[in-house]
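> Let me give you the structure first, and then I'll get to my questions.
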Amino acid sequence: MFKKEIPIFFSIDDNYVPFFTVAAHSIMDNASTDYNYKFIILNDGLTKSTEKKLKKLENENFKVEFVNVNEKIKSIENDLSFRLRDYYTNSIYYRIFIPSLFKNYDKALYLDADITVVDDISKLYLEDIGDNMLGVITDGVVNADERLVRYTKEVVGADEGLYFNSGILVMNLAKLREEKI
């Protein structure tokens with residue numbers, strides 16, 4: 001029987017493997033068996049031992065794929081460097097390459113690796129986002145703090161109350177490609 005595949009993207013480096021492993025197990029423990037899932041790990045060069053360790057997560061319903069985006073990020077690295085805070089790495093930008101690199105998918109999930117999933121992830125994937133490019137969650141903490149609201153408005157350019165958590169995204173990849181985002 002053919003099962004629909006749900007692509008779930010993460011951006012990690014070797015230091016984030018413990019966090020990703022927790023996220024992966026929480027997804028796997030709660031996932032519906034009605035679907036197949038693929039963890040697509042965007043990276044700039046994981047060690048072979050890390051890849052081997054993460055491949056052990058695979059089972060009948062879950063596959064793991066590694067995609068090195070090093071060349072893509074190098075092409076825009078100079079443009080990004082002034083935007084990074086000292087505790088961010090370039091990996092926060094990997095998600096912007098998903099639409100152009102994965103034309104075989106029209107929809108996908110992007111999740112930060114430092115999360116725990118407490119319900120069936122297919123419910124989020126199946127959420128109807130219509131013609132919207134992204135399904136997002138506004139960030140209640142940031143949007144409730146006057147200093148952070150000012151920061152998001154003046155530095156990020158987000159209107160008050162519209163700053164969202166970019167670590168949990170339902171991505172309409174077809175629409176993002178159509179709009180050349």
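Each chain of the structure tokens is named A, B, ... in the order shown, its residues numbered from 1; ligands are numbered from 1 in display order.
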Report the residues of segment 28-70 of chain A whose backbone DSSP state falls under alpha helix (DSSP H), written as a list in words.

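Reading the DSSP output for segment 28-70 of chain A, alpha helix (DSSP H) covers Met28, Asp29, Asn30, Lys48, Ser49, Thr50, Glu51, Lys52, Lys53, Leu54, Lys55 and Asn70 of chain A.
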
> DSSP on the backbone, strand (DSSP E) only: what residues of segment 5-167 of chain A does that give? Format it as a PDB file with N, CA and C atoms, in the first residue's frame.


ATOM      1  N   GLU A   5       4.106  10.604   1.688  1.00  0.00           N
ATOM      2  CA  GLU A   5       5.321  10.964   2.414  1.00  0.00           C
ATOM      3  C   GLU A   5       5.212  12.388   2.941  1.00  0.00           C
ATOM      4  N   ILE A   6       5.575  12.567   4.187  1.00  0.00           N
ATOM      5  CA  ILE A   6       5.595  13.883   4.818  1.00  0.00           C
ATOM      6  C   ILE A   6       7.052  14.291   5.011  1.00  0.00           C
ATOM      7  N   PRO A   7       7.498  15.331   4.275  1.00  0.00           N
ATOM      8  CA  PRO A   7       8.874  15.801   4.447  1.00  0.00           C
ATOM      9  C   PRO A   7       8.985  16.768   5.623  1.00  0.00           C
ATOM     10  N   ILE A   8       9.947  16.483   6.498  1.00  0.00           N
ATOM     11  CA  ILE A   8      10.171  17.306   7.678  1.00  0.00           C
ATOM     12  C   ILE A   8      11.634  17.756   7.660  1.00  0.00           C
ATOM     13  N   PHE A   9      11.835  19.054   7.487  1.00  0.00           N
ATOM     14  CA  PHE A   9      13.175  19.607   7.368  1.00  0.00           C
ATOM     15  C   PHE A   9      13.680  20.120   8.711  1.00  0.00           C
ATOM     16  N   PHE A  10      14.983  19.918   8.928  1.00  0.00           N
ATOM     17  CA  PHE A  10      15.687  20.440  10.091  1.00  0.00           C
ATOM     18  C   PHE A  10      17.007  21.025   9.609  1.00  0.00           C
ATOM     19  N   SER A  11      17.528  21.998  10.335  1.00  0.00           N
ATOM     20  CA  SER A  11      18.872  22.529  10.096  1.00  0.00           C
ATOM     21  C   SER A  11      19.699  22.246  11.335  1.00  0.00           C
ATOM     22  N   ASN A  36       4.299   7.879   5.623  1.00  0.00           N
ATOM     23  CA  ASN A  36       5.744   7.740   5.700  1.00  0.00           C
ATOM     24  C   ASN A  36       6.310   9.126   5.945  1.00  0.00           C
ATOM     25  N   TYR A  37       7.426   9.189   6.614  1.00  0.00           N
ATOM     26  CA  TYR A  37       8.023  10.470   6.982  1.00  0.00           C
ATOM     27  C   TYR A  37       9.487  10.476   6.540  1.00  0.00           C
ATOM     28  N   LYS A  38       9.950  11.648   6.160  1.00  0.00           N
ATOM     29  CA  LYS A  38      11.361  11.787   5.821  1.00  0.00           C
ATOM     30  C   LYS A  38      11.921  12.982   6.573  1.00  0.00           C
ATOM     31  N   PHE A  39      12.920  12.715   7.418  1.00  0.00           N
ATOM     32  CA  PHE A  39      13.671  13.784   8.062  1.00  0.00           C
ATOM     33  C   PHE A  39      14.750  14.217   7.074  1.00  0.00           C
ATOM     34  N   ILE A  40      14.676  15.440   6.609  1.00  0.00           N
ATOM     35  CA  ILE A  40      15.670  15.964   5.687  1.00  0.00           C
ATOM     36  C   ILE A  40      16.505  16.958   6.479  1.00  0.00           C
ATOM     37  N   ILE A  41      17.756  16.592   6.687  1.00  0.00           N
ATOM     38  CA  ILE A  41      18.630  17.352   7.564  1.00  0.00           C
ATOM     39  C   ILE A  41      19.546  18.237   6.726  1.00  0.00           C
ATOM     40  N   LEU A  42      19.247  19.535   6.753  1.00  0.00           N
ATOM     41  CA  LEU A  42      20.068  20.511   6.054  1.00  0.00           C
ATOM     42  C   LEU A  42      21.273  20.823   6.919  1.00  0.00           C
ATOM     43  N   ASN A  43      22.456  20.815   6.320  1.00  0.00           N
ATOM     44  CA  ASN A  43      23.679  20.983   7.099  1.00  0.00           C
ATOM     45  C   ASN A  43      24.785  21.541   6.225  1.00  0.00           C
ATOM     46  N   PHE A  62      10.009   5.843   8.730  1.00  0.00           N
ATOM     47  CA  PHE A  62      10.870   7.027   8.815  1.00  0.00           C
ATOM     48  C   PHE A  62      12.177   6.806   8.065  1.00  0.00           C
ATOM     49  N   LYS A  63      12.509   7.779   7.233  1.00  0.00           N
ATOM     50  CA  LYS A  63      13.789   7.791   6.531  1.00  0.00           C
ATOM     51  C   LYS A  63      14.528   9.070   6.907  1.00  0.00           C
ATOM     52  N   VAL A  64      15.839   9.040   6.773  1.00  0.00           N
ATOM     53  CA  VAL A  64      16.693  10.186   7.084  1.00  0.00           C
ATOM     54  C   VAL A  64      17.534  10.491   5.853  1.00  0.00           C
ATOM     55  N   GLU A  65      17.547  11.759   5.458  1.00  0.00           N
ATOM     56  CA  GLU A  65      18.347  12.205   4.311  1.00  0.00           C
ATOM     57  C   GLU A  65      19.171  13.415   4.739  1.00  0.00           C
ATOM     58  N   PHE A  66      20.400  13.481   4.282  1.00  0.00           N
ATOM     59  CA  PHE A  66      21.291  14.595   4.603  1.00  0.00           C
ATOM     60  C   PHE A  66      21.524  15.422   3.346  1.00  0.00           C
ATOM     61  N   VAL A  67      21.381  16.734   3.474  1.00  0.00           N
ATOM     62  CA  VAL A  67      21.604  17.627   2.342  1.00  0.00           C
ATOM     63  C   VAL A  67      22.560  18.724   2.781  1.00  0.00           C
ATOM     64  N   ASN A  68      23.732  18.732   2.173  1.00  0.00           N
ATOM     65  CA  ASN A  68      24.738  19.737   2.477  1.00  0.00           C
ATOM     66  C   ASN A  68      24.429  20.991   1.661  1.00  0.00           C
ATOM     67  N   LYS A 107       4.707  20.910  -0.553  1.00  0.00           N
ATOM     68  CA  LYS A 107       4.433  21.304   0.830  1.00  0.00           C
ATOM     69  C   LYS A 107       5.428  20.593   1.727  1.00  0.00           C
ATOM     70  N   ALA A 108       5.807  21.243   2.823  1.00  0.00           N
ATOM     71  CA  ALA A 108       6.759  20.627   3.747  1.00  0.00           C
ATOM     72  C   ALA A 108       6.636  21.276   5.114  1.00  0.00           C
ATOM     73  N   LEU A 109       7.213  20.621   6.096  1.00  0.00           N
ATOM     74  CA  LEU A 109       7.351  21.196   7.428  1.00  0.00           C
ATOM     75  C   LEU A 109       8.812  21.562   7.641  1.00  0.00           C
ATOM     76  N   TYR A 110       9.030  22.688   8.288  1.00  0.00           N
ATOM     77  CA  TYR A 110      10.364  23.016   8.784  1.00  0.00           C
ATOM     78  C   TYR A 110      10.239  23.135  10.291  1.00  0.00           C
ATOM     79  N   LEU A 111      11.115  22.440  11.014  1.00  0.00           N
ATOM     80  CA  LEU A 111      11.092  22.481  12.474  1.00  0.00           C
ATOM     81  C   LEU A 111      12.495  22.738  13.001  1.00  0.00           C
ATOM     82  N   LEU A 134       3.130  30.469   3.951  1.00  0.00           N
ATOM     83  CA  LEU A 134       3.535  29.818   5.189  1.00  0.00           C
ATOM     84  C   LEU A 134       2.368  29.701   6.148  1.00  0.00           C
ATOM     85  N   GLY A 135       2.369  28.649   6.901  1.00  0.00           N
ATOM     86  CA  GLY A 135       1.529  28.539   8.078  1.00  0.00           C
ATOM     87  C   GLY A 135       2.448  28.757   9.262  1.00  0.00           C
ATOM     88  N   VAL A 136       2.158  29.761  10.089  1.00  0.00           N
ATOM     89  CA  VAL A 136       3.052  30.134  11.184  1.00  0.00           C
ATOM     90  C   VAL A 136       2.270  30.327  12.476  1.00  0.00           C
ATOM     91  N   ILE A 137       3.033  30.472  13.537  1.00  0.00           N
ATOM     92  CA  ILE A 137       2.474  30.761  14.855  1.00  0.00           C
ATOM     93  C   ILE A 137       3.078  32.083  15.312  1.00  0.00           C
ATOM     94  N   THR A 138       2.224  33.053  15.620  1.00  0.00           N
ATOM     95  CA  THR A 138       2.784  34.309  16.118  1.00  0.00           C
ATOM     96  C   THR A 138       3.444  34.042  17.468  1.00  0.00           C
ATOM     97  N   PHE A 164       6.527  36.261  14.109  1.00  0.00           N
ATOM     98  CA  PHE A 164       6.174  34.845  14.275  1.00  0.00           C
ATOM     99  C   PHE A 164       7.407  33.992  14.543  1.00  0.00           C
ATOM    100  N   ASN A 165       7.140  32.815  15.066  1.00  0.00           N
ATOM    101  CA  ASN A 165       8.173  31.839  15.367  1.00  0.00           C
ATOM    102  C   ASN A 165       8.557  31.137  14.062  1.00  0.00           C
ATOM    103  N   SER A 166       9.765  31.371  13.579  1.00  0.00           N
ATOM    104  CA  SER A 166      10.192  30.750  12.317  1.00  0.00           C
ATOM    105  C   SER A 166      10.741  29.342  12.522  1.00  0.00           C
ATOM    106  N   GLY A 167      10.638  28.825  13.717  1.00  0.00           N
ATOM    107  CA  GLY A 167      11.125  27.483  14.008  1.00  0.00           C
ATOM    108  C   GLY A 167      10.088  26.401  13.821  1.00  0.00           C
TER     109      GLY A 167
END

> Which polymer residues have any atom within 6 Å of an atom of segment 155-163 of chain A, counting only C-alpha atoms, with same-chain residues fewer than 3 positions away left out, as an MDAnalysis selection string?

chainID A and resid 138 143 151:152

> Write the selection just made, keeping N, CA, C and O atoms, as a PDB file, in the first residue's frame?


ATOM      1  N   THR A 138       2.224  33.053  15.620  1.00  0.00           N
ATOM      2  CA  THR A 138       2.784  34.309  16.118  1.00  0.00           C
ATOM      3  C   THR A 138       3.444  34.042  17.468  1.00  0.00           C
ATOM      4  O   THR A 138       3.037  33.163  18.216  1.00  0.00           O
ATOM      5  N   ASN A 143       5.639  39.315  21.105  1.00  0.00           N
ATOM      6  CA  ASN A 143       4.593  40.285  20.806  1.00  0.00           C
ATOM      7  C   ASN A 143       3.987  40.922  22.055  1.00  0.00           C
ATOM      8  O   ASN A 143       3.279  41.925  21.958  1.00  0.00           O
ATOM      9  N   TYR A 151      11.836  46.302  18.957  1.00  0.00           N
ATOM     10  CA  TYR A 151      12.936  45.688  18.214  1.00  0.00           C
ATOM     11  C   TYR A 151      12.419  45.060  16.916  1.00  0.00           C
ATOM     12  O   TYR A 151      12.995  45.263  15.840  1.00  0.00           O
ATOM     13  N   THR A 152      11.356  44.274  17.005  1.00  0.00           N
ATOM     14  CA  THR A 152      10.855  43.598  15.802  1.00  0.00           C
ATOM     15  C   THR A 152      10.351  44.594  14.771  1.00  0.00           C
ATOM     16  O   THR A 152      10.486  44.365  13.574  1.00  0.00           O
TER      17      THR A 152
END

> One decimal, in Å: what's the spacing between atom CA of Glu178 of chain A and atom CA of Arg95 of chain A?

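Rounded to one decimal, the two atoms are 16.9 Å apart.
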
> I'd like a table as a Markdown table: residues in segment 76-171 of chain A with an atom no more than 8 Å from segment 12-34 of chain A, each row giving the shortest atom pair and its distance in Å to one decimal, only C-alpha atoms counted, sorted by chain and rising residue number.


| residue | atom | partner | partner_atom | distance |
| --- | --- | --- | --- | --- |
| A:Ser91 | CA | A:Ile12 | CA | 6.9 |
| A:Ala113 | CA | A:Phe20 | CA | 4.5 |
| A:Asp114 | CA | A:Phe19 | CA | 5.1 |
| A:Ile115 | CA | A:Ala23 | CA | 5.5 |
| A:Thr116 | CA | A:Ala23 | CA | 5.0 |
| A:Val117 | CA | A:Ser26 | CA | 5.2 |
| A:Val118 | CA | A:Ser26 | CA | 6.7 |
| A:Asp119 | CA | A:Asn30 | CA | 5.4 |
| A:Asp120 | CA | A:Ala31 | CA | 4.6 |
| A:Ile121 | CA | A:Ala31 | CA | 6.0 |
| A:Ser122 | CA | A:Ala31 | CA | 6.9 |

> Export, as a JSON list (two decimals), in the first residue's frame, the selected residues with all heavy atoms.


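Final file, part-v2.json:
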[["chain", "number", "residue", "atom", "x", "y", "z"],
["A", 91, "SER", "N", 23.22, 28.49, 9.87],
["A", 91, "SER", "CA", 22.21, 27.45, 9.73],
["A", 91, "SER", "C", 20.78, 27.98, 9.89],
["A", 91, "SER", "O", 19.84, 27.36, 9.41],
["A", 91, "SER", "CB", 22.46, 26.31, 10.72],
["A", 91, "SER", "OG", 22.31, 26.74, 12.05],
["A", 113, "ALA", "N", 15.38, 22.13, 15.63],
["A", 113, "ALA", "CA", 15.75, 20.85, 16.25],
["A", 113, "ALA", "C", 15.56, 20.83, 17.76],
["A", 113, "ALA", "O", 15.54, 19.76, 18.36],
["A", 113, "ALA", "CB", 17.19, 20.51, 15.90],
["A", 114, "ASP", "N", 15.39, 21.99, 18.38],
["A", 114, "ASP", "CA", 15.29, 22.03, 19.85],
["A", 114, "ASP", "C", 13.84, 22.09, 20.32],
["A", 114, "ASP", "O", 13.47, 22.90, 21.14],
["A", 114, "ASP", "CB", 16.10, 23.20, 20.41],
["A", 114, "ASP", "CG", 15.67, 24.54, 19.85],
["A", 114, "ASP", "OD1", 14.85, 24.58, 18.91],
["A", 114, "ASP", "OD2", 16.14, 25.56, 20.37],
["A", 115, "ILE", "N", 13.04, 21.19, 19.76],
["A", 115, "ILE", "CA", 11.62, 21.12, 20.14],
["A", 115, "ILE", "C", 11.27, 19.70, 20.57],
["A", 115, "ILE", "O", 12.02, 18.76, 20.31],
["A", 115, "ILE", "CB", 10.69, 21.53, 18.98],
["A", 115, "ILE", "CG1", 10.81, 20.55, 17.81],
["A", 115, "ILE", "CG2", 10.95, 22.96, 18.53],
["A", 115, "ILE", "CD1", 9.73, 20.69, 16.78],
["A", 116, "THR", "N", 10.13, 19.58, 21.20],
["A", 116, "THR", "CA", 9.55, 18.28, 21.50],
["A", 116, "THR", "C", 8.13, 18.30, 20.95],
["A", 116, "THR", "O", 7.40, 19.26, 21.16],
["A", 116, "THR", "CB", 9.51, 18.03, 23.02],
["A", 116, "THR", "OG1", 10.84, 18.12, 23.52],
["A", 116, "THR", "CG2", 8.95, 16.66, 23.33],
["A", 117, "VAL", "N", 7.76, 17.26, 20.24],
["A", 117, "VAL", "CA", 6.44, 17.16, 19.62],
["A", 117, "VAL", "C", 5.59, 16.23, 20.48],
["A", 117, "VAL", "O", 5.99, 15.10, 20.75],
["A", 117, "VAL", "CB", 6.56, 16.65, 18.17],
["A", 117, "VAL", "CG1", 5.19, 16.48, 17.53],
["A", 117, "VAL", "CG2", 7.41, 17.62, 17.35],
["A", 118, "VAL", "N", 4.42, 16.70, 20.89],
["A", 118, "VAL", "CA", 3.58, 15.93, 21.82],
["A", 118, "VAL", "C", 2.33, 15.35, 21.17],
["A", 118, "VAL", "O", 1.49, 14.78, 21.86],
["A", 118, "VAL", "CB", 3.20, 16.79, 23.05],
["A", 118, "VAL", "CG1", 4.43, 17.18, 23.85],
["A", 118, "VAL", "CG2", 2.40, 18.01, 22.64],
["A", 119, "ASP", "N", 2.20, 15.51, 19.86],
["A", 119, "ASP", "CA", 1.04, 14.97, 19.15],
["A", 119, "ASP", "C", 1.50, 14.50, 17.77],
["A", 119, "ASP", "O", 2.67, 14.66, 17.41],
["A", 119, "ASP", "CB", -0.05, 16.05, 19.03],
["A", 119, "ASP", "CG", -1.44, 15.49, 18.74],
["A", 119, "ASP", "OD1", -1.59, 14.27, 18.55],
["A", 119, "ASP", "OD2", -2.40, 16.29, 18.69],
["A", 120, "ASP", "N", 0.60, 13.98, 17.01],
["A", 120, "ASP", "CA", 0.89, 13.46, 15.68],
["A", 120, "ASP", "C", 1.26, 14.60, 14.74],
["A", 120, "ASP", "O", 0.45, 15.48, 14.45],
["A", 120, "ASP", "CB", -0.34, 12.70, 15.17],
["A", 120, "ASP", "CG", -0.20, 12.19, 13.77],
["A", 120, "ASP", "OD1", 0.92, 12.21, 13.21],
["A", 120, "ASP", "OD2", -1.23, 11.77, 13.21],
["A", 121, "ILE", "N", 2.50, 14.61, 14.24],
["A", 121, "ILE", "CA", 3.00, 15.69, 13.38],
["A", 121, "ILE", "C", 2.25, 15.77, 12.06],
["A", 121, "ILE", "O", 2.21, 16.83, 11.44],
["A", 121, "ILE", "CB", 4.53, 15.54, 13.17],
["A", 121, "ILE", "CG1", 5.15, 16.85, 12.66],
["A", 121, "ILE", "CG2", 4.83, 14.40, 12.21],
["A", 121, "ILE", "CD1", 5.16, 17.96, 13.67],
["A", 122, "SER", "N", 1.62, 14.69, 11.63],
["A", 122, "SER", "CA", 0.88, 14.74, 10.37],
["A", 122, "SER", "C", -0.30, 15.72, 10.46],
["A", 122, "SER", "O", -0.70, 16.30, 9.45],
["A", 122, "SER", "CB", 0.38, 13.35, 9.95],
["A", 122, "SER", "OG", -0.64, 12.88, 10.80]]

> Between atom CA of Tyr35 of chain A and atom CA of Asn59 of chain A, what is the distance, to one decimal in Å?

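Result for atom CA of Tyr35 of chain A versus atom CA of Asn59 of chain A: 12.5 Å, one decimal.
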
> If we count only C-alpha atoms, what is near Gly130 of chain A at a cut-off of 12 Å, once residues fewer than 5 positions away on the same chain are taken out, given as a ChimeraX atom specification?

/A:107,135,170-172,174-175

> So that I have them on file, write out the residues from the current selection with N, CA and C atoms, as a PDB file, in the first residue's frame.


ATOM      1  N   LYS A 107       4.707  20.910  -0.553  1.00  0.00           N
ATOM      2  CA  LYS A 107       4.433  21.304   0.830  1.00  0.00           C
ATOM      3  C   LYS A 107       5.428  20.593   1.727  1.00  0.00           C
ATOM      4  N   GLY A 135       2.369  28.649   6.901  1.00  0.00           N
ATOM      5  CA  GLY A 135       1.529  28.539   8.078  1.00  0.00           C
ATOM      6  C   GLY A 135       2.448  28.757   9.262  1.00  0.00           C
ATOM      7  N   VAL A 170       4.787  25.554   8.389  1.00  0.00           N
ATOM      8  CA  VAL A 170       4.156  24.758   7.344  1.00  0.00           C
ATOM      9  C   VAL A 170       4.429  25.550   6.073  1.00  0.00           C
ATOM     10  N   MET A 171       5.161  24.950   5.159  1.00  0.00           N
ATOM     11  CA  MET A 171       5.630  25.683   3.984  1.00  0.00           C
ATOM     12  C   MET A 171       4.885  25.255   2.721  1.00  0.00           C
ATOM     13  N   ASN A 172       4.272  26.225   2.053  1.00  0.00           N
ATOM     14  CA  ASN A 172       3.649  25.999   0.756  1.00  0.00           C
ATOM     15  C   ASN A 172       4.749  26.225  -0.283  1.00  0.00           C
ATOM     16  N   ALA A 174       5.172  25.216  -3.316  1.00  0.00           N
ATOM     17  CA  ALA A 174       4.728  25.579  -4.665  1.00  0.00           C
ATOM     18  C   ALA A 174       4.477  27.073  -4.759  1.00  0.00           C
ATOM     19  N   LYS A 175       3.819  27.642  -3.772  1.00  0.00           N
ATOM     20  CA  LYS A 175       3.532  29.084  -3.763  1.00  0.00           C
ATOM     21  C   LYS A 175       4.813  29.898  -3.585  1.00  0.00           C
TER      22      LYS A 175
END

> I'd like the contact shell of segment 99-105 of chain A - 7 Å cut-off, only C-alpha atoms, skipping same-chain residues fewer than 6 positions apart - returned as a PyMOL selection string.

chain A and resi 173+176-177

> Please, what distance in Å, to one decimal, runs between atom CA of Tyr125 of chain A and atom CA of Leu54 of chain A?

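These atoms are spaced 22.5 Å apart.
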
> From the options A:Leu57, A:Ser49, A:Ile96, A:Glu146, which residue's atoms come nearest to Lys180 of chain A, counting only C-alpha atoms?

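Result for the nearest residue to Lys180 of chain A: A:Ile96.
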